[in-house]
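Novice: Below is the file start-v3.cif, with mmCIF, C-alpha atoms and all ligand atoms.
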data_start
#
loop_
_atom_site.label_atom_id
_atom_site.label_comp_id
_atom_site.auth_asym_id
_atom_site.auth_seq_id
_atom_site.Cartn_x
_atom_site.Cartn_y
_atom_site.Cartn_z
CA MET A 1 105.18 127.36 138.84
CA ARG A 2 104.37 124.07 137.20
CA ALA A 3 100.68 124.39 137.95
CA GLU A 4 100.64 127.89 136.49
CA ALA A 5 102.33 126.79 133.32
CA GLU A 6 99.85 123.97 133.00
CA ALA A 7 96.89 126.27 133.50
CA LEU A 8 98.30 128.56 130.84
CA ALA A 9 98.72 125.68 128.41
CA TRP A 10 95.12 124.58 128.95
CA ARG A 11 93.86 128.11 128.40
CA ALA A 12 95.86 128.36 125.17
CA LEU A 13 94.39 125.05 124.05
CA ASP A 14 90.87 126.28 124.82
CA ALA A 15 91.46 129.35 122.71
CA VAL A 16 92.10 127.26 119.59
CA ARG A 17 90.09 124.09 119.96
CA PRO A 18 86.46 123.76 118.91
CA PRO A 19 83.90 122.37 121.41
CA PRO A 20 84.48 118.67 122.20
CA ARG A 21 81.50 117.25 120.35
CA LEU A 22 82.43 119.22 117.26
CA VAL A 23 85.99 117.91 117.48
CA ASP A 24 84.60 114.38 117.43
CA TRP A 25 82.27 115.03 114.54
CA SER A 26 85.00 116.80 112.63
CA ILE A 27 87.30 113.82 113.07
CA LEU A 28 84.57 111.56 111.75
CA SER A 29 83.87 113.80 108.75
CA ILE A 30 87.53 114.19 107.91
CA VAL A 31 88.17 110.45 108.13
CA ALA A 32 85.21 109.92 105.77
CA LEU A 33 86.52 112.61 103.41
CA GLN A 34 90.00 111.11 103.53
CA ILE A 35 88.67 107.72 102.54
CA VAL A 36 86.78 109.28 99.63
CA THR A 37 89.65 111.52 98.44
CA GLY A 38 92.09 108.65 98.93
CA PHE A 39 90.05 106.36 96.69
CA VAL A 40 89.42 109.06 94.11
CA SER A 41 93.14 109.91 94.02
CA PHE A 42 93.81 106.35 92.85
CA THR A 43 91.87 107.02 89.68
CA LEU A 44 93.66 110.27 88.80
CA GLY A 45 96.61 110.13 86.47
CA SER A 46 96.78 113.54 84.86
CA PRO A 47 98.00 116.71 86.57
CA SER A 48 94.57 118.36 86.55
CA GLY A 49 93.75 116.01 89.43
CA TRP A 50 96.12 117.79 91.83
CA PRO A 51 93.42 119.47 94.01
CA VAL A 52 92.28 116.07 95.29
CA PHE A 53 95.82 115.20 96.42
CA TRP A 54 96.26 118.58 98.06
CA LEU A 55 92.95 118.34 99.85
CA HIS A 56 93.89 114.89 101.11
CA ARG A 57 97.24 116.12 102.47
CA ILE A 58 95.87 119.29 104.07
CA LEU A 59 92.95 117.49 105.69
CA GLY A 60 95.37 114.87 106.98
CA LEU A 61 97.48 117.49 108.71
CA THR A 62 94.34 119.15 110.11
CA LEU A 63 93.42 115.76 111.52
CA VAL A 64 96.70 115.73 113.47
CA ALA A 65 95.57 118.83 115.38
CA LEU A 66 92.05 117.52 115.94
CA LEU A 67 93.38 114.20 117.24
CA GLY A 68 95.67 116.15 119.55
CA PHE A 69 92.68 118.05 120.97
CA LYS A 70 90.76 114.86 121.38
CA LEU A 71 93.63 113.06 123.12
CA ALA A 72 94.18 115.96 125.50
CA ARG A 73 90.55 115.59 126.50
CA VAL A 74 90.24 111.82 126.83
CA ARG A 75 93.73 110.77 127.80
CA TYR A 76 92.69 109.93 131.37
CA ARG A 77 90.39 107.25 129.93
CA LEU A 78 93.43 105.56 128.51
CA THR A 79 95.93 106.19 131.28
CA ARG A 80 93.75 105.43 134.29
CA ARG A 81 93.16 101.77 134.74
CA GLU A 82 89.93 102.20 136.67
CA GLU A 83 88.47 104.02 133.62
CA TRP A 84 89.00 101.07 131.30
CA GLN A 85 85.94 99.53 129.65
CA ALA A 86 85.37 97.08 126.84
CA SER A 87 85.11 99.99 124.43
CA THR A 88 88.57 101.21 125.46
CA LEU A 89 90.09 98.48 123.32
CA VAL A 90 88.20 99.70 120.26
CA SER A 91 89.32 103.23 121.05
CA ILE A 92 92.95 102.14 121.22
CA LEU A 93 92.68 100.21 117.94
CA THR A 94 91.05 103.21 116.28
CA LEU A 95 93.75 105.50 117.58
CA THR A 96 96.46 103.11 116.37
CA ALA A 97 95.01 102.99 112.86
CA ALA A 98 94.64 106.78 112.78
CA VAL A 99 98.17 107.43 114.02
CA GLY A 100 99.49 104.74 111.66
CA ALA A 101 97.75 106.29 108.66
CA LEU A 102 98.92 109.79 109.55
CA ALA A 103 102.52 108.79 110.33
CA THR A 104 102.96 106.76 107.14
CA GLY A 105 101.25 109.44 105.06
CA ILE A 106 103.47 112.20 106.43
CA ALA A 107 106.63 110.10 106.13
CA TRP A 108 105.71 109.31 102.53
CA VAL A 109 105.22 112.97 101.65
CA PHE A 110 108.67 113.60 103.15
CA GLY A 111 110.05 111.13 100.63
CA LEU A 112 110.85 108.24 102.95
CA ASP A 113 111.01 105.19 100.66
CA VAL A 114 111.26 102.13 102.90
CA ARG A 115 109.42 98.87 102.52
CA ILE A 116 107.57 97.08 105.26
CA ALA A 117 107.73 93.42 104.31
CA TYR A 118 106.62 93.55 100.67
CA TRP A 119 104.67 96.79 100.89
CA THR A 120 105.67 100.35 100.17
CA LEU A 121 104.91 102.90 102.91
CA LEU A 122 102.13 104.22 100.70
CA SER A 123 100.46 100.81 100.57
CA VAL A 124 100.76 100.53 104.36
CA HIS A 125 99.16 103.97 104.59
CA VAL A 126 96.25 102.74 102.47
CA GLY A 127 95.95 99.64 104.67
CA PHE A 128 95.66 101.74 107.85
CA GLY A 129 93.12 103.98 106.10
CA ILE A 130 90.95 101.04 105.09
CA ALA A 131 91.16 99.58 108.61
CA LEU A 132 90.16 102.94 110.06
CA LEU A 133 86.72 102.97 108.41
CA PRO A 134 85.12 100.04 110.31
CA LEU A 135 86.99 100.99 113.49
CA VAL A 136 85.63 104.54 113.48
CA VAL A 137 82.12 103.23 112.90
CA TRP A 138 82.53 100.69 115.72
CA HIS A 139 84.04 103.29 118.02
CA LEU A 140 81.11 105.54 117.24
CA THR A 141 78.53 102.92 118.25
CA SER A 142 79.91 102.99 121.80
CA ARG A 143 80.45 106.73 122.01
CA PHE A 144 77.77 108.28 119.88
CA ARG A 145 76.78 111.83 120.91
CA LEU A 146 74.74 114.04 118.63
CA PRO A 147 76.03 117.59 118.28
CA GLN A 148 73.95 120.08 120.27
CA ARG A 149 72.52 123.35 119.13
CA HIS A 150 74.89 125.28 121.40
CA ASP A 151 77.89 123.68 119.70
CA PHE A 152 77.12 125.82 116.66
CA HIS A 153 76.02 129.39 116.05
CA ARG A 154 79.27 130.72 117.30
CA ARG A 155 81.44 132.96 115.31
CA ARG A 156 84.37 131.82 117.42
CA THR A 157 83.85 128.24 116.29
CA THR A 158 83.93 129.25 112.66
CA ILE A 159 87.11 131.21 113.19
CA LYS A 160 88.66 128.25 114.99
CA TYR A 161 87.88 126.00 112.05
CA ALA A 162 89.24 128.46 109.55
CA ALA A 163 92.42 128.70 111.63
CA LEU A 164 92.67 124.91 111.81
CA LEU A 165 92.40 124.43 108.06
CA LEU A 166 94.80 127.27 107.46
CA SER A 167 97.36 125.74 109.79
CA GLY A 168 96.89 122.41 107.98
CA ALA A 169 97.63 124.15 104.69
CA LEU A 170 100.61 126.00 106.19
CA ALA A 171 101.97 122.78 107.67
CA TYR A 172 101.72 121.13 104.27
CA ARG A 173 103.46 124.07 102.62
CA SER A 174 106.30 124.05 105.17
CA GLN A 175 106.65 120.32 104.75
CA GLU A 176 107.11 120.80 101.00
CA LEU A 177 109.65 123.56 101.57
CA ALA A 178 111.59 121.57 104.18
CA LYS A 179 111.67 118.63 101.82
CA ARG A 180 113.07 120.73 99.03
CA ALA A 181 115.66 122.33 101.33
CA LEU A 182 116.76 118.93 102.65
CA ASP A 183 116.64 117.46 99.15
CA THR A 184 115.02 114.23 100.32
CA PRO A 185 114.35 111.58 97.65
CA GLY A 186 110.72 112.66 97.68
CA ALA A 187 111.73 115.96 96.15
CA ASP A 188 110.91 114.70 92.67
CA ARG A 189 107.69 112.93 93.50
CA ARG A 190 104.89 113.42 91.01
CA PHE A 191 101.73 115.27 91.99
CA THR A 192 100.32 111.79 92.75
CA GLY A 193 103.00 111.23 95.38
CA SER A 194 104.79 108.58 93.31
CA GLN A 195 108.58 108.35 93.35
CA PRO A 196 110.72 107.80 90.25
CA ARG A 197 112.23 104.50 89.08
CA ALA A 198 114.97 105.36 86.62
CA GLY A 199 116.36 103.36 83.68
CA ALA A 200 115.01 101.56 80.62
CA GLY A 201 113.65 98.06 80.04
CA ASN A 202 112.15 95.23 82.07
CA ALA A 203 114.57 95.36 84.98
CA SER A 204 114.25 99.07 85.68
CA PHE A 205 110.82 99.06 87.34
CA PRO A 206 108.93 96.68 89.62
CA VAL A 207 106.56 93.92 88.59
CA THR A 208 103.28 94.72 90.30
CA SER A 209 99.91 93.11 90.63
CA TRP A 210 96.91 95.13 91.66
CA VAL A 211 95.63 92.48 94.05
CA ALA A 212 96.35 88.85 93.29
CA ASP A 213 96.92 88.23 89.57
CA ASP A 214 99.78 85.80 89.04
CA PRO A 215 99.25 83.72 85.89
CA ASP A 216 101.65 81.15 84.43
CA PRO A 217 103.81 82.53 81.63
CA VAL A 218 101.86 82.81 78.39
CA ASP A 219 103.29 80.76 75.50
CA ARG A 220 103.60 83.14 72.51
CA SER A 221 103.25 80.35 69.96
CA GLU A 222 99.91 79.22 71.41
CA TRP A 223 98.57 82.62 72.29
CA ALA A 224 96.24 84.63 70.03
CA LEU A 225 94.83 88.12 70.33
CA THR A 226 91.10 88.27 69.61
CA VAL A 227 89.52 91.48 68.33
CA ALA A 228 85.72 91.18 68.62
CA GLY A 229 82.49 92.87 69.66
CA GLU A 230 80.88 95.71 67.71
CA VAL A 231 83.03 95.21 64.61
CA GLU A 232 82.41 94.09 61.06
CA THR A 233 85.14 91.44 60.95
CA PRO A 234 86.21 89.90 64.24
CA ARG A 235 89.61 88.32 64.02
CA ASP A 236 92.32 86.38 65.88
CA TYR A 237 95.95 87.39 65.50
CA GLY A 238 98.89 85.15 66.19
CA TYR A 239 101.93 86.90 67.68
CA ASP A 240 103.74 86.90 64.32
CA GLU A 241 100.76 88.41 62.52
CA LEU A 242 100.89 91.62 64.54
CA SER A 243 102.73 94.56 63.02
CA LEU A 244 104.80 95.87 65.88
CA ASP A 245 105.99 99.14 64.45
CA SER A 246 104.30 101.79 66.60
CA SER A 247 105.96 103.24 69.67
CA ASP A 248 105.36 105.85 72.35
CA GLU A 249 107.12 107.18 75.37
CA ALA A 250 104.69 106.91 78.26
CA LEU A 251 104.68 107.22 82.01
CA LEU A 252 103.41 104.34 84.16
CA ASP A 253 102.34 105.51 87.63
CA CYS A 254 101.43 102.77 90.11
CA THR A 255 99.21 103.52 93.10
CA SER A 256 101.72 101.75 95.32
CA GLY A 257 103.85 104.86 94.88
CA TRP A 258 106.35 104.64 92.03
CA TYR A 259 106.47 105.78 88.42
CA THR A 260 108.62 105.11 85.39
CA VAL A 261 108.97 106.65 81.94
CA GLN A 262 109.61 104.05 79.22
CA ARG A 263 109.56 103.70 75.46
CA TRP A 264 106.91 101.13 74.61
CA ARG A 265 106.57 99.45 71.22
CA GLY A 266 103.79 97.36 69.73
CA VAL A 267 100.46 97.74 67.93
CA ARG A 268 98.50 101.00 67.68
CA ILE A 269 94.99 100.08 68.83
CA GLY A 270 93.49 102.42 66.22
CA ASP A 271 95.11 100.26 63.52
CA LEU A 272 93.57 97.08 64.98
CA LEU A 273 90.17 98.78 65.10
CA ASP A 274 90.42 100.08 61.53
CA ALA A 275 91.31 96.60 60.30
CA ALA A 276 88.26 95.19 62.08
CA GLY A 277 85.87 97.96 60.99
CA VAL A 278 84.16 99.49 64.02
CA ASP A 279 80.34 99.82 64.13
CA ASP A 280 78.77 103.27 64.56
CA GLU A 281 77.36 102.53 68.02
CA ALA A 282 80.74 101.56 69.49
CA ARG A 283 81.80 103.74 72.41
CA PHE A 284 84.27 101.74 74.50
CA VAL A 285 87.05 99.23 74.06
CA ARG A 286 87.51 96.58 76.73
CA PHE A 287 90.87 94.89 77.27
CA VAL A 288 90.72 91.47 78.84
CA SER A 289 93.63 89.57 80.38
CA VAL A 290 94.15 85.82 80.42
CA THR A 291 93.34 86.10 84.13
CA GLY A 292 89.97 87.77 83.51
CA TYR A 293 91.30 91.11 84.77
CA ARG A 294 89.90 93.81 82.48
CA TRP A 295 89.58 97.51 81.85
CA SER A 296 87.75 99.67 79.31
CA LEU A 297 88.73 102.93 77.67
CA PRO A 298 86.54 105.32 75.68
CA ILE A 299 87.06 104.44 72.03
CA GLU A 300 88.78 107.69 71.02
CA GLU A 301 91.29 107.33 73.85
CA ALA A 302 91.80 103.65 73.01
CA ARG A 303 92.56 104.45 69.34
CA ASP A 304 95.61 106.48 70.37
CA ALA A 305 96.83 103.91 72.89
CA LEU A 306 99.22 101.02 72.33
CA LEU A 307 99.23 97.34 72.97
CA ALA A 308 102.91 96.88 73.77
CA THR A 309 105.05 93.84 73.19
CA HIS A 310 108.30 95.67 73.95
CA VAL A 311 109.61 98.02 76.59
CA GLY A 312 112.89 99.93 76.19
CA ASP A 313 113.77 97.80 73.12
CA GLU A 314 113.41 94.53 75.03
CA ARG A 315 110.62 92.04 74.63
CA LEU A 316 108.25 92.39 77.58
CA SER A 317 109.09 89.96 80.35
CA HIS A 318 106.34 87.71 81.70
CA GLY A 319 105.99 89.82 84.85
CA HIS A 320 105.42 92.98 82.84
CA GLY A 321 102.61 91.38 80.83
CA ALA A 322 104.05 89.35 77.91
CA PRO A 323 103.09 88.78 75.20
CA ILE A 324 101.11 92.03 75.16
CA ARG A 325 99.90 94.70 77.57
CA LEU A 326 97.96 97.93 77.44
CA VAL A 327 99.85 101.23 77.56
CA ALA A 328 97.32 103.89 78.57
CA PRO A 329 99.03 107.27 79.02
CA GLY A 330 97.43 109.47 81.68
CA ARG A 331 95.83 106.47 83.40
CA ARG A 332 97.04 104.97 86.68
CA GLY A 333 99.02 101.73 86.45
CA PHE A 334 96.19 99.41 87.51
CA GLN A 335 94.41 100.24 84.27
CA TRP A 336 97.37 99.11 82.12
CA VAL A 337 96.06 95.55 81.69
CA LYS A 338 98.77 92.89 81.33
CA TRP A 339 98.69 89.52 79.51
CA ILE A 340 95.88 90.66 77.19
CA GLN A 341 94.07 88.09 75.05
CA ARG A 342 90.86 89.90 74.03
CA VAL A 343 90.04 93.36 72.72
CA GLU A 344 86.27 93.89 72.73
CA VAL A 345 84.61 96.84 71.06
CA ARG A 346 81.50 97.74 73.05
CA ARG A 347 78.58 100.14 73.24
CA ARG A 348 78.77 100.55 76.96
CA ASP A 349 81.17 101.22 79.76
CA ASP A 350 81.83 98.38 82.19
CA PRO A 351 81.26 99.30 85.86
CA ALA A 352 81.83 95.69 86.95
CA GLN A 353 85.50 96.08 86.01
CA TRP A 354 86.09 97.74 89.40
CA LEU A 355 85.12 94.57 91.18
CA VAL A 356 86.74 92.22 88.66
CA THR A 357 90.19 93.81 89.02
CA LEU A 358 89.98 93.18 92.78
CA ILE A 359 89.04 89.52 92.58
CA SER A 360 90.44 88.28 89.26
CA GLY A 361 93.45 86.59 90.85
CA PHE A 362 91.42 84.45 93.24
CA GLU A 363 90.21 81.02 92.21
N1 LIG B 1 96.16 91.42 84.34
C1 LIG B 1 96.69 92.34 85.19
N2 LIG B 1 97.16 93.50 84.70
C2 LIG B 1 97.71 94.42 85.55
C3 LIG B 1 97.78 94.18 86.95
C4 LIG B 1 97.25 92.96 87.43
O1 LIG B 1 97.26 92.68 88.64
N3 LIG B 1 96.72 92.06 86.52
N4 LIG B 1 98.34 95.12 87.79
C5 LIG B 1 98.27 96.49 87.32
C6 LIG B 1 99.02 97.41 88.16
S1 LIG B 1 98.42 97.76 89.70
C7 LIG B 1 100.10 98.10 87.69
S2 LIG B 1 100.82 99.33 88.56
C8 LIG B 1 100.73 97.72 86.42
C9 LIG B 1 102.13 97.33 86.75
O2 LIG B 1 102.81 96.97 85.61
P1 LIG B 1 104.23 96.26 85.78
O3 LIG B 1 104.03 95.03 86.60
O4 LIG B 1 104.69 96.03 84.41
O5 LIG B 1 105.11 97.25 86.52
O6 LIG B 1 100.07 96.66 85.78
C10 LIG B 1 98.69 96.64 85.86
N5 LIG B 1 98.17 95.57 85.05
MO MO B 2 99.67 99.47 90.60
#
How does the structure come out when it is put into structure tokens?

Specialist:
Amino acid sequence: MRAEAEALAWRALDAVRPPPRLVDWSILSIVALQIVTGFVSFTLGSPSGWPVFWLHRILGLTLVALLGFKLARVRYRLTRREEWQASTLVSILTLTAAVGALATGIAWVFGLDVRIAYWTLLSVHVGFGIALLPLVVWHLTSRFRLPQRHDFHRRRTTIKYAALLLSGALAYRSQELAKRALDTPGADRRFTGSQPRAGAGNASFPVTSWVADDPDPVDRSEWALTVAGEVETPRDYGYDELSLDSSDEALLDCTSGWYTVQRWRGVRIGDLLDAAGVDDEARFVRFVSVTGYRWSLPIEEARDALLATHVGDERLSHGHGAPIRLVAPGRRGFQWVKWIQRVEVRRRDDPAQWLVTLISGFE
């Protein structure tokens, strides 16, 4: 009886799984795609970016099935001691990172909001994902097999892939429905996956650094805001010289997985630019922190944005970027530069900012 059931299970598996080499190559391609879509998703702050998040989730669930196929095939290499080789360790590490990334990703989508040490589940998910890249490459160097001609050219294979992707999409859909039915906290996540932090003012949302920025508190009486670059009259403003009468409600969405809606008050950047007189060739505005951390916005977008000194009617706390920070609606949190001391009007964009935000906190 047991043998029959097992034979049946294997036959069912064969009916749905693609040829082994294709499974391996698919896993590799999906991991690569996940790393790309994962990174791109970090840059998306407006709802039109939703397809990237969907693709990431559906591919992730498809990967669960592909890993299952793969494990069914190679499990004896892990369970039988006499099969162990040096490369087995790499395989186990790769598997751990993959399972870790998938488990944390799925738990996050379900709305589980626990912290592991200091990190949100989403940050742990990103960590596993980043670890997976070198591991997969390393794993590949010991197990590299090119796909063969006979792996392709089969209608059945195409159908199997279509079925796989479809079941990934269906699994994602059912997960969303289950979540809504169970009313888990994740039910009101944004399209980015971020969970709400309610309330107003400094204490209602976390203080976050992108990587390592952690400056000493900035003394308002010694601080000045410099407006310079492609302008007619560069100028320094003391804190008391700024007219802090513009305000906006705006949503801050951090890539570590939370968002908050606050009323921010401060200086309209367009007013600063008008006072300085912008040259015709100016295209971007760069915001530079006391730590060197910086980000640029296209000039038209920057004009509408705020440099905020207040949040929810309180003066910004040091952690939230006092004396002044950028409020950039529709941009992810890491672009909302804190502790700003320079506003530079420029002709060009600033690709180096990507690197600078990663290393600015290190000496
Ligand atoms: N100078 C500087 N600005 C920064 C950061 C940073 O590390 N350094 N972190 C960014 C990130 S990742 C986010 S989500 C927001 C967080 O703002 P908060 O700490 O007020 O919540 O600030 C952004 N501005
Ligand atoms: Mo963030």

Novice: At a cut-off of 6 Å and counting all atoms listed in the file, what residues surround ligand LIG 1 (chain B)? Please answer as a VMD selection string.

Specialist: chain A and resid 206 to 211 213 254 289 293 319 to 320 333 to 339

Novice: Report, in Å to a single decimal, how far apart CA of Arg268 (chain A) and CA of Leu306 (chain A) are.

Specialist: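 It comes out at 4.7 Å.
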
Novice: By how many Å are CA of Thr255 (chain A) and CA of Arg332 (chain A) apart?

Specialist: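 Computing the Euclidean distance for CA of Thr255 (chain A) and CA of Arg332 (chain A) yields 6.9 Å.
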
Novice: Point out the residue among A:Trp354, A:Phe205, A:Trp138, A:Tyr172 with the least atom-to-atom distance to Ser87 (chain A), counting only C-alpha atoms.

Specialist: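 Looking only at the distances to Ser87 (chain A), the closest residue turns out to be A:Trp138.
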
Novice: May I have the protein, DNA and RNA residues with any atom at most 12 Å from the point (83.6, 113.9, 113.5), counting all atoms listed in the file, written as a compact mmCIF listing (two decimals) with C-alpha atoms, keeping the file's coordinate frame?

Specialist:
# COMPACT_ATOMS: atom_id res chain seq x y z
CA PRO A 18 86.46 123.76 118.91
CA PRO A 19 83.90 122.37 121.41
CA PRO A 20 84.48 118.67 122.20
CA ARG A 21 81.50 117.25 120.35
CA LEU A 22 82.43 119.22 117.26
CA VAL A 23 85.99 117.91 117.48
CA ASP A 24 84.60 114.38 117.43
CA TRP A 25 82.27 115.03 114.54
CA SER A 26 85.00 116.80 112.63
CA ILE A 27 87.30 113.82 113.07
CA LEU A 28 84.57 111.56 111.75
CA SER A 29 83.87 113.80 108.75
CA ILE A 30 87.53 114.19 107.91
CA VAL A 31 88.17 110.45 108.13
CA ALA A 32 85.21 109.92 105.77
CA LEU A 33 86.52 112.61 103.41
CA LEU A 63 93.42 115.76 111.52
CA LEU A 66 92.05 117.52 115.94
CA LEU A 67 93.38 114.20 117.24
CA LYS A 70 90.76 114.86 121.38
CA VAL A 136 85.63 104.54 113.48
CA VAL A 137 82.12 103.23 112.90
CA HIS A 139 84.04 103.29 118.02
CA LEU A 140 81.11 105.54 117.24
CA ARG A 143 80.45 106.73 122.01
CA PHE A 144 77.77 108.28 119.88
CA ARG A 145 76.78 111.83 120.91
CA LEU A 146 74.74 114.04 118.63
CA PRO A 147 76.03 117.59 118.28

Novice: To one decimal in Å, tell me the separation between CA of Glu300 (chain A) and CA of Ser247 (chain A).

Specialist: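 It comes out at 17.8 Å.
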
Novice: Counting all atoms listed in the file, which residue out of A:Leu164, A:Tyr237, A:Thr158, A:Phe42 sits closest to ligand MO 2 (chain B)?

Specialist: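 Ranking A:Leu164, A:Tyr237, A:Thr158, A:Phe42 by distance to ligand MO 2 (chain B), first place goes to A:Phe42.
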
Novice: For a quick check of understanding, using only C-alpha atoms and all ligand atoms, which of A:Ser296, A:Thr120, A:Gln262, A:Thr79 has the smallest distance to ligand MO 2 (chain B)?

Specialist: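 Ranked by minimum distance to ligand MO 2 (chain B), first place goes to A:Thr120.
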
Novice: Check the smallest atom-to-atom distance from each of A:Thr43, A:Thr94, A:Ser256, A:Ser204 to Gly312 (chain A) using only C-alpha atoms, then report the winner.

Specialist: A:Ser204

Novice: For each of A:Leu133, A:Leu326, A:Val126, A:Val36, take the minimum atom-to-atom distance to Thr309 (chain A), counting all atoms listed in the file, then give the residue where this is smallest.

Specialist: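 Comparing A:Leu133, A:Leu326, A:Val126, A:Val36 against Thr309 (chain A), the winner is A:Leu326.
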